[in-house]
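Q: Structure incoming, see below.
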Amino acid sequence: MVHEWALAESIVNYLVDQGLRRIRVLRLRLGLLQGVDKEVLLFSLREVASMQGVEIGEVAVEDEEPVLKCNTCGYTWSMPASALSDEEREAVHFVPEAIHAFTRCPRCGSRDFTVVKGRGVSLVEAVPG
Amino acid sequence: MVHEWALAESIVNYLVDQGLRRIRVLRLRLGLLQGVDKEVLLFSLREVASMQGVEIGEVAVEDEEPVLKCNTCGYTWSMPASALSDEEREAVHFVPEAIHAFTRCPRCGSRDFTVVKGRGVSLVEAVPG
Amino acid sequence: MTGDPRLHNALRNLSQAGRVYVVLSTKGGVGKTTVAVLLALHASRRLKAGLMDADLTNPSTHILLGIDPSAVKYREEKGIEPYRINGLRYVTMAAYTGEKPLPLRGREAGEALRELLAIVKWGPLDILLIDTPPGVGDEHLDLLYSLKNIVRPLVVATPSVLSVRSVARLIQLLREAGYGWIGLVENMGSGVLQGEPLLQGADYLGYIPFTPG
Amino acid sequence: MTGDPRLHNALRNLSQAGRVYVVLSTKGGVGKTTVAVLLALHASRRLKAGLMDADLTNPSTHILLGIDPSAVKYREEKGIEPYRINGLRYVTMAAYTGEKPLPLRGREAGEALRELLAIVKWGPLDILLIDTPPGVGDEHLDLLYSLKNIVRPLVVATPSVLSVRSVARLIQLLREAGYGWIGLVENMGSGVLQGEPLLQGADYLGYIPFTPG
Ligand SMILES: Nc1ncnc2c1ncn2[C@@H]1O[C@H](COP(=O)(O)OP(=O)(O)O)[C@@H](O)[C@H]1O
Ligand SMILES: Nc1ncnc2c1ncn2[C@@H]1O[C@H](COP(=O)(O)OP(=O)(O)O)[C@@H](O)[C@H]1O
Ligand SMILES: [Mg+2]
Ligand SMILES: [Mg+2]
Ligand SMILES: [Mg+2]
Ligand SMILES: [Mg+2]
Ligand code: NI
Ligand code: NI
Ligand SMILES: [Zn+2]
Ligand SMILES: [Zn+2]
């Protein structure tokens, strides 16, 4: 099973540790920089939840386009996946911060930038019940 | 003149570099952790602005109580100035991050906490005109 | 444990890794990487051992292991499986960034380490060595405070006054954080640190002499 | 320059400090602090010289200077005036935190350095040495990118393979950032790095031999 399984595990284990075993609505944000496979993530989430005895009702996923901001000149830009080679995209898929080895600010060339939006999987809200 | 002068200089020099020489309203936030003297800061702001040929109309200052959040256990607490010795308070006055050498999370003792609000002087908005 | 799901998975993944040692020193160049690699190679002869290079912006374990980072590949199996060098299970950021510079602000280094800790399936191990950058930054605060119940600090010091003074502060920090056991390895020395009063808060484990080349 | 007013003041303050050298190495323990202190003391005999310890979480320049950090006081004069040791103007975070451990996440170390850079009035100097922690973190990114027009990188390396490989990455980063001059000091060596192919991107300045004690 692909690595998205571990991303799903992180969410379920967090819910378990918070004592949240019955969730009515789970809201996730999917930053597209990481290029996570949404179907596989949702499938894994169901599997892991059932294995851990956690009941999840609706799962709402909001996609978020990546936005990068240069800390040197303030320029912001969105990071088209096409801008990366296959190998680079795979590295970013596993560890999004690898982007700092592959990309520079298009305006001033600085490597000092921040992924302000759209990094990867994040848990927005877990509505119990 | 006390060091608040340099805090005022930072704001005026920032405005100069942005080409903002006539400001109708300057909105500042004054995080109380740093214990900045508001009167001296505003006095210095006027002086430095006039020396640099920057006209500032109204200056609106919003005080902000410090809130600290433990990255280990999630506990949040407000930092009463009384909790520090005179020497510690002076250190925090010049470099607020010195707080990490003097304080720990009251609940779990961790030194891994963040000043989420009320650190020190910050420029919120400069309305030109 | 704070609200980051990845730390909750890191807890599970690391609990499969046997004794987890975080190799530390506030000082650079005292031999953290050398000690981490030596211990991991030594352990891997008799035990199921792992080595993780958590010095993400300046990884150098691959240099001491003599391997080309582009050869390091991870199989995907509900996460990623460490790369095998003979018996040693090995993970390094250099597998993804090679010899390219990777300047990261502290927050980003912490994010990257949490991501790796959440997805690497160490599988049943007896011992895991985690090499870290010098200093006490985001990576160390996550490991030492958020994963406190799972890691054991292994402090490396050299007999120099700079190293002793700065490691003394680190030991004080670890004791205050509640660590009952703080391993101390004297590197490039001949045993003088055993009696060093400034380092009494740690458990002296022995010394590695200066061995050029 | 981004939206942080303190960096705009840092620009003015540092422009009063003559030639500003940032002493760097991705590796720890190569001799950054030793080189920074030696150069500052040497310069202070003939020139108006300053030394800033930007290794805020693990300051050690005061140890090499042989002074007790609690003796370091700054006069307030439209900011703070550096402490004087004979002719040398000196600023260290240790004046505020003494020998206490100061664990900071990268963002906070960057905040603290920006605060100091904004308020320290170096006054007319001929030369300023800034000692930095190992690696490339928030502090370095601010100095090397946001204050690019005002600082000169001084890279320290030792002849060891670990140091050479990691400093080569740093030099690549600096060249790519547009630095025409990158000073290289070989420490604990005997001149072998002058011809080192991996370090050709830098301007070799000389070597300091290994001098124990
Ligand atoms: N016991 C030793 N004898 C001789 N040289 C050593 C020894 N331990 C480390 N070194 C050398 O010292 C330098 C720093 O070691 P390293 O493991 O990279 O330290 P750190 O990881 O703490 O920065 C390297 O060049 C390494 O080869
Ligand atoms: N030229 C030298 N000869 C002998 N020892 C040295 C020399 N330069 C540095 N050292 C020692 O090496 C250690 C690391 O030096 P330091 O300046 O602290 O490096 P860094 O600041 O890069 O971590 C210190 O114990 C220092 O005394
Ligand atoms: Mg190392
Ligand atoms: Mg750091
Ligand atoms: Mg140093
Ligand atoms: Mg770092
Ligand atoms: Ni995947
Ligand atoms: Ni003041
Ligand atoms: Zn830019
Ligand atoms: Zn806490």
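Residue numbering restarts at 1 in every chain; chains get A, B, ... in the order shown in the structure tokens, and ligands count up from 1 in that same order.
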Env of Leu42 (chain A): 12 Å cut, atoms = only C-alpha atoms, seq-sep filter 3 positions within chain, self excluded. Answer as an mmCIF file with N, CA, C and O atoms, in the first residue's frame.
A:
```cif
data_model
loop_
_atom_site.group_PDB
_atom_site.id
_atom_site.type_symbol
_atom_site.label_atom_id
_atom_site.label_comp_id
_atom_site.auth_asym_id
_atom_site.auth_seq_id
_atom_site.Cartn_x
_atom_site.Cartn_y
_atom_site.Cartn_z
ATOM 1 N N GLU A 4 0.448 7.044 1.287
ATOM 2 C CA GLU A 4 -0.707 7.835 1.771
ATOM 3 C C GLU A 4 -1.339 7.160 2.995
ATOM 4 O O GLU A 4 -1.959 7.814 3.832
ATOM 5 N N TRP A 5 -1.156 5.820 3.078
ATOM 6 C CA TRP A 5 -1.678 5.083 4.240
ATOM 7 C C TRP A 5 -1.167 5.723 5.543
ATOM 8 O O TRP A 5 -1.925 5.934 6.492
ATOM 9 N N ALA A 6 0.104 6.085 5.571
ATOM 10 C CA ALA A 6 0.686 6.636 6.803
ATOM 11 C C ALA A 6 0.122 8.030 7.099
ATOM 12 O O ALA A 6 -0.008 8.440 8.264
ATOM 13 N N LEU A 7 -0.233 8.745 6.042
ATOM 14 C CA LEU A 7 -0.843 10.077 6.250
ATOM 15 C C LEU A 7 -2.235 9.898 6.877
ATOM 16 O O LEU A 7 -2.631 10.655 7.778
ATOM 17 N N ALA A 8 -2.938 8.854 6.430
ATOM 18 C CA ALA A 8 -4.261 8.561 7.013
ATOM 19 C C ALA A 8 -4.093 8.098 8.462
ATOM 20 O O ALA A 8 -4.815 8.536 9.363
ATOM 21 N N GLU A 9 -3.110 7.237 8.690
ATOM 22 C CA GLU A 9 -2.830 6.736 10.056
ATOM 23 C C GLU A 9 -2.614 7.898 11.026
ATOM 24 O O GLU A 9 -3.093 7.901 12.159
ATOM 25 N N ILE A 11 -3.786 10.854 11.011
ATOM 26 C CA ILE A 11 -5.052 11.512 11.372
ATOM 27 C C ILE A 11 -5.837 10.639 12.360
ATOM 28 O O ILE A 11 -6.280 11.097 13.412
ATOM 29 N N VAL A 12 -5.935 9.348 12.042
ATOM 30 C CA VAL A 12 -6.732 8.458 12.910
ATOM 31 C C VAL A 12 -6.086 8.355 14.294
ATOM 32 O O VAL A 12 -6.756 8.448 15.333
ATOM 33 N N LEU A 26 -15.479 15.033 9.270
ATOM 34 C CA LEU A 26 -14.018 15.245 9.344
ATOM 35 C C LEU A 26 -13.646 16.168 8.193
ATOM 36 O O LEU A 26 -13.894 15.865 7.025
ATOM 37 N N ARG A 27 -13.103 17.333 8.542
ATOM 38 C CA ARG A 27 -12.750 18.300 7.485
ATOM 39 C C ARG A 27 -11.241 18.290 7.287
ATOM 40 O O ARG A 27 -10.477 18.539 8.232
ATOM 41 N N LEU A 28 -10.813 17.961 6.046
ATOM 42 C CA LEU A 28 -9.380 17.958 5.720
ATOM 43 C C LEU A 28 -9.082 19.032 4.688
ATOM 44 O O LEU A 28 -9.932 19.373 3.858
ATOM 45 N N LEU A 30 -6.325 19.685 1.620
ATOM 46 C CA LEU A 30 -5.336 18.957 0.835
ATOM 47 C C LEU A 30 -4.517 19.948 0.022
ATOM 48 O O LEU A 30 -4.940 20.394 -1.053
ATOM 49 N N VAL A 36 -0.797 14.554 -3.196
ATOM 50 C CA VAL A 36 -1.336 13.345 -2.552
ATOM 51 C C VAL A 36 -2.508 12.804 -3.375
ATOM 52 O O VAL A 36 -3.301 13.569 -3.928
ATOM 53 N N ASP A 37 -2.597 11.465 -3.501
ATOM 54 C CA ASP A 37 -3.699 10.828 -4.236
ATOM 55 C C ASP A 37 -4.926 10.816 -3.327
ATOM 56 O O ASP A 37 -4.982 10.066 -2.339
ATOM 57 N N LYS A 38 -5.916 11.639 -3.650
ATOM 58 C CA LYS A 38 -7.066 11.830 -2.764
ATOM 59 C C LYS A 38 -7.839 10.518 -2.556
ATOM 60 O O LYS A 38 -8.185 10.179 -1.426
ATOM 61 N N GLU A 39 -8.075 9.780 -3.624
ATOM 62 C CA GLU A 39 -8.865 8.539 -3.493
ATOM 63 C C GLU A 39 -8.164 7.567 -2.550
ATOM 64 O O GLU A 39 -8.759 7.003 -1.640
ATOM 65 N N LEU A 45 -8.017 6.068 4.877
ATOM 66 C CA LEU A 45 -8.640 6.644 6.081
ATOM 67 C C LEU A 45 -9.744 5.716 6.597
ATOM 68 O O LEU A 45 -9.818 5.403 7.790
ATOM 69 N N ARG A 46 -10.578 5.250 5.669
ATOM 70 C CA ARG A 46 -11.673 4.328 6.059
ATOM 71 C C ARG A 46 -11.085 3.050 6.657
ATOM 72 O O ARG A 46 -11.505 2.594 7.728
ATOM 73 N N GLU A 47 -10.080 2.493 5.981
ATOM 74 C CA GLU A 47 -9.500 1.233 6.435
ATOM 75 C C GLU A 47 -8.886 1.386 7.827
ATOM 76 O O GLU A 47 -9.184 0.608 8.741
ATOM 77 N N VAL A 48 -8.063 2.378 7.982
ATOM 78 C CA VAL A 48 -7.347 2.551 9.260
ATOM 79 C C VAL A 48 -8.357 2.842 10.370
ATOM 80 O O VAL A 48 -8.263 2.287 11.479
ATOM 81 N N ALA A 49 -9.357 3.672 10.049
ATOM 82 C CA ALA A 49 -10.371 4.017 11.066
ATOM 83 C C ALA A 49 -11.071 2.750 11.545
ATOM 84 O O ALA A 49 -11.179 2.501 12.746
ATOM 85 N N ILE A 56 -16.098 7.219 11.331
ATOM 86 C CA ILE A 56 -16.067 8.551 10.702
ATOM 87 C C ILE A 56 -17.244 8.665 9.736
ATOM 88 O O ILE A 56 -17.412 7.814 8.863
ATOM 89 N N GLU A 58 -19.064 11.754 7.576
ATOM 90 C CA GLU A 58 -18.703 12.440 6.324
ATOM 91 C C GLU A 58 -17.264 12.932 6.384
ATOM 92 O O GLU A 58 -16.795 13.389 7.441
ATOM 93 N N VAL A 59 -16.556 12.831 5.247
ATOM 94 C CA VAL A 59 -15.204 13.418 5.155
ATOM 95 C C VAL A 59 -15.242 14.506 4.090
ATOM 96 O O VAL A 59 -15.535 14.236 2.920
ATOM 97 N N ALA A 60 -15.008 15.739 4.502
ATOM 98 C CA ALA A 60 -15.034 16.859 3.547
ATOM 99 C C ALA A 60 -13.595 17.268 3.260
ATOM 100 O O ALA A 60 -12.828 17.514 4.195
ATOM 101 N N VAL A 61 -13.217 17.252 1.976
ATOM 102 C CA VAL A 61 -11.828 17.576 1.602
ATOM 103 C C VAL A 61 -11.809 18.850 0.775
ATOM 104 O O VAL A 61 -12.506 18.966 -0.235
ATOM 105 N N VAL A 121 -1.322 17.573 3.446
ATOM 106 C CA VAL A 121 -2.523 17.143 4.171
ATOM 107 C C VAL A 121 -2.583 17.853 5.522
ATOM 108 O O VAL A 121 -1.586 17.873 6.256
#
```
Q: Could you work out which residues of chain D fall inside 12 Å of chain B? Count only C-alpha atoms, and format the result as a PyMOL selection string.
A: chain D and resi 1-13+56-58+70+73-81+92-121
Q: What are the closest atom pairs, with distances in Å to one decimal, for each residue of chain D lying within 12 Å of ligand 5, using only C-alpha atoms and all ligand atoms, rows by chain and rising residue number, as CSV?
A:
```
residue,atom,partner,partner_atom_place_in_ligand_line,distance
D:Val23,CA,ligand 5,1 (Mg),9.3
D:Leu24,CA,ligand 5,1 (Mg),9.2
D:Ser25,CA,ligand 5,1 (Mg),9.4
D:Thr26,CA,ligand 5,1 (Mg),11.2
D:Lys27,CA,ligand 5,1 (Mg),9.9
D:Gly28,CA,ligand 5,1 (Mg),7.0
D:Gly29,CA,ligand 5,1 (Mg),6.7
D:Val30,CA,ligand 5,1 (Mg),8.2
D:Gly31,CA,ligand 5,1 (Mg),6.7
D:Lys32,CA,ligand 5,1 (Mg),5.2
D:Thr33,CA,ligand 5,1 (Mg),4.2
D:Thr34,CA,ligand 5,1 (Mg),7.4
D:Val35,CA,ligand 5,1 (Mg),9.3
D:Ala36,CA,ligand 5,1 (Mg),8.8
D:Val37,CA,ligand 5,1 (Mg),10.0
D:Met52,CA,ligand 5,1 (Mg),11.8
D:Asp53,CA,ligand 5,1 (Mg),8.7
D:Ala54,CA,ligand 5,1 (Mg),9.3
D:Asp55,CA,ligand 5,1 (Mg),6.9
D:Leu56,CA,ligand 5,1 (Mg),10.3
D:Thr57,CA,ligand 5,1 (Mg),10.6
D:Asn58,CA,ligand 5,1 (Mg),7.8
D:Pro59,CA,ligand 5,1 (Mg),7.2
D:Ser60,CA,ligand 5,1 (Mg),6.3
D:Thr61,CA,ligand 5,1 (Mg),7.5
D:His62,CA,ligand 5,1 (Mg),10.9
D:Ile63,CA,ligand 5,1 (Mg),10.7
D:Leu64,CA,ligand 5,1 (Mg),10.2
D:Ile130,CA,ligand 5,1 (Mg),10.7
D:Asp131,CA,ligand 5,1 (Mg),6.8
D:Thr132,CA,ligand 5,1 (Mg),6.5
D:Pro133,CA,ligand 5,1 (Mg),5.8
D:Pro134,CA,ligand 5,1 (Mg),6.9
D:Gly135,CA,ligand 5,1 (Mg),10.7
D:Val156,CA,ligand 5,1 (Mg),10.7
```
Q: DSSP on the backbone: which residues in chain B end up as strand (DSSP E)? Give the answer as an MDAnalysis selection string.
A: chainID B and resid 22:31 55:64 67:70 76:77 113:117 121:128
Q: Print the selection's residues with C-alpha atoms to a file, as a PDB file, in the first residue's frame.
A:
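And here's again_9.pdb as it stands now:
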```
ATOM      1  CA  ARG B  22       2.812  61.126   4.050  1.00  0.00           C
ATOM      2  CA  ILE B  23       0.810  58.912   6.383  1.00  0.00           C
ATOM      3  CA  ARG B  24      -2.725  59.760   7.433  1.00  0.00           C
ATOM      4  CA  VAL B  25      -3.091  56.983  10.012  1.00  0.00           C
ATOM      5  CA  LEU B  26      -0.356  54.753  11.459  1.00  0.00           C
ATOM      6  CA  ARG B  27      -1.693  51.709  13.304  1.00  0.00           C
ATOM      7  CA  LEU B  28       0.713  50.039  15.749  1.00  0.00           C
ATOM      8  CA  ARG B  29       0.244  47.037  17.986  1.00  0.00           C
ATOM      9  CA  LEU B  30       2.114  47.136  21.283  1.00  0.00           C
ATOM     10  CA  GLY B  31       2.715  43.649  22.681  1.00  0.00           C
ATOM     11  CA  GLU B  55       4.603  63.341   7.920  1.00  0.00           C
ATOM     12  CA  ILE B  56       2.497  61.157  10.202  1.00  0.00           C
ATOM     13  CA  GLY B  57      -1.032  62.167  11.083  1.00  0.00           C
ATOM     14  CA  GLU B  58      -2.829  60.058  13.632  1.00  0.00           C
ATOM     15  CA  VAL B  59      -1.015  57.225  15.427  1.00  0.00           C
ATOM     16  CA  ALA B  60      -3.368  54.526  16.757  1.00  0.00           C
ATOM     17  CA  VAL B  61      -1.771  52.142  19.273  1.00  0.00           C
ATOM     18  CA  GLU B  62      -3.467  48.908  20.278  1.00  0.00           C
ATOM     19  CA  ASP B  63      -2.104  47.172  23.364  1.00  0.00           C
ATOM     20  CA  GLU B  64      -1.936  43.384  23.264  1.00  0.00           C
ATOM     21  CA  VAL B  67      -0.256  34.926  25.441  1.00  0.00           C
ATOM     22  CA  LEU B  68       2.184  32.017  25.541  1.00  0.00           C
ATOM     23  CA  LYS B  69       1.386  28.560  24.201  1.00  0.00           C
ATOM     24  CA  CYS B  70       3.206  25.346  25.100  1.00  0.00           C
ATOM     25  CA  THR B  76      -1.776  28.564  27.019  1.00  0.00           C
ATOM     26  CA  TRP B  77      -1.090  31.197  29.671  1.00  0.00           C
ATOM     27  CA  PHE B 113       6.605  27.301  23.923  1.00  0.00           C
ATOM     28  CA  THR B 114       5.692  30.140  21.583  1.00  0.00           C
ATOM     29  CA  VAL B 115       4.716  33.742  22.310  1.00  0.00           C
ATOM     30  CA  VAL B 116       1.579  33.625  20.170  1.00  0.00           C
ATOM     31  CA  LYS B 117       0.426  37.152  21.048  1.00  0.00           C
ATOM     32  CA  VAL B 121       6.080  46.543  18.748  1.00  0.00           C
ATOM     33  CA  SER B 122       4.580  45.720  15.369  1.00  0.00           C
ATOM     34  CA  LEU B 123       3.362  47.857  12.492  1.00  0.00           C
ATOM     35  CA  VAL B 124      -0.210  46.907  11.628  1.00  0.00           C
ATOM     36  CA  GLU B 125      -1.052  49.421   8.906  1.00  0.00           C
ATOM     37  CA  ALA B 126       0.171  52.672   7.362  1.00  0.00           C
ATOM     38  CA  VAL B 127      -2.665  54.510   5.603  1.00  0.00           C
ATOM     39  CA  PRO B 128      -1.086  56.911   3.090  1.00  0.00           C
TER      40      PRO B 128
END
```
Q: Dump the neighbourhood of ligand 9 as an MDAnalysis selection string: all residues within 7 Å, distances computed on only C-alpha atoms and all ligand atoms.
A: chainID A and resid 70:75 105:110
Q: Based on the selection just made, write N, CA and C atoms of those residues as a tab-separated table (two decimals), in the first residue's frame.
A:
```tsv
chain	number	residue	atom	x	y	z
A	70	CYS	N	8.30	34.79	-1.23
A	70	CYS	CA	9.73	35.05	-1.06
A	70	CYS	C	9.94	35.95	0.15
A	71	ASN	N	10.79	35.47	1.09
A	71	ASN	CA	11.07	36.26	2.29
A	71	ASN	C	12.08	37.38	2.01
A	72	THR	N	12.67	37.35	0.83
A	72	THR	CA	13.66	38.38	0.51
A	72	THR	C	13.01	39.57	-0.19
A	73	CYS	N	12.21	39.31	-1.23
A	73	CYS	CA	11.64	40.45	-1.98
A	73	CYS	C	10.11	40.52	-1.88
A	74	GLY	N	9.51	39.56	-1.17
A	74	GLY	CA	8.06	39.65	-0.95
A	74	GLY	C	7.21	39.10	-2.08
A	75	TYR	N	7.83	38.68	-3.20
A	75	TYR	CA	7.07	38.17	-4.36
A	75	TYR	C	6.33	36.89	-3.98
A	105	CYS	N	13.07	31.89	-5.89
A	105	CYS	CA	12.09	32.95	-6.18
A	105	CYS	C	12.26	33.37	-7.65
A	106	PRO	N	11.19	33.28	-8.46
A	106	PRO	CA	11.28	33.64	-9.88
A	106	PRO	C	11.73	35.08	-10.10
A	107	ARG	N	11.49	35.95	-9.11
A	107	ARG	CA	11.83	37.37	-9.32
A	107	ARG	C	13.27	37.66	-8.91
A	108	CYS	N	13.68	37.20	-7.69
A	108	CYS	CA	15.03	37.61	-7.23
A	108	CYS	C	15.97	36.44	-7.02
A	109	GLY	N	15.50	35.23	-7.26
A	109	GLY	CA	16.40	34.07	-7.18
A	109	GLY	C	16.69	33.59	-5.77
A	110	SER	N	16.05	34.21	-4.77
A	110	SER	CA	16.33	33.81	-3.38
A	110	SER	C	15.78	32.42	-3.07
```
Q: Using the chain letters and numbers from this document, which residues of chain D does DSSP assign to alpha helix (DSSP H), as a PyMOL selection string?
A: chain D and resi 5-15+32-46+61-65+94-97+106-119+138-141+161-176
Q: Would you work out the distance separating CA of Pro124 (chain C) from CA of Gln16 (chain C), expressed in Å to one decimal?
A: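 So the answer is 5.1 Å.
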Q: In Å, how far is it from CA of Ala157 (chain C) to CA of Gly137 (chain C)?
A: 18.2 Å
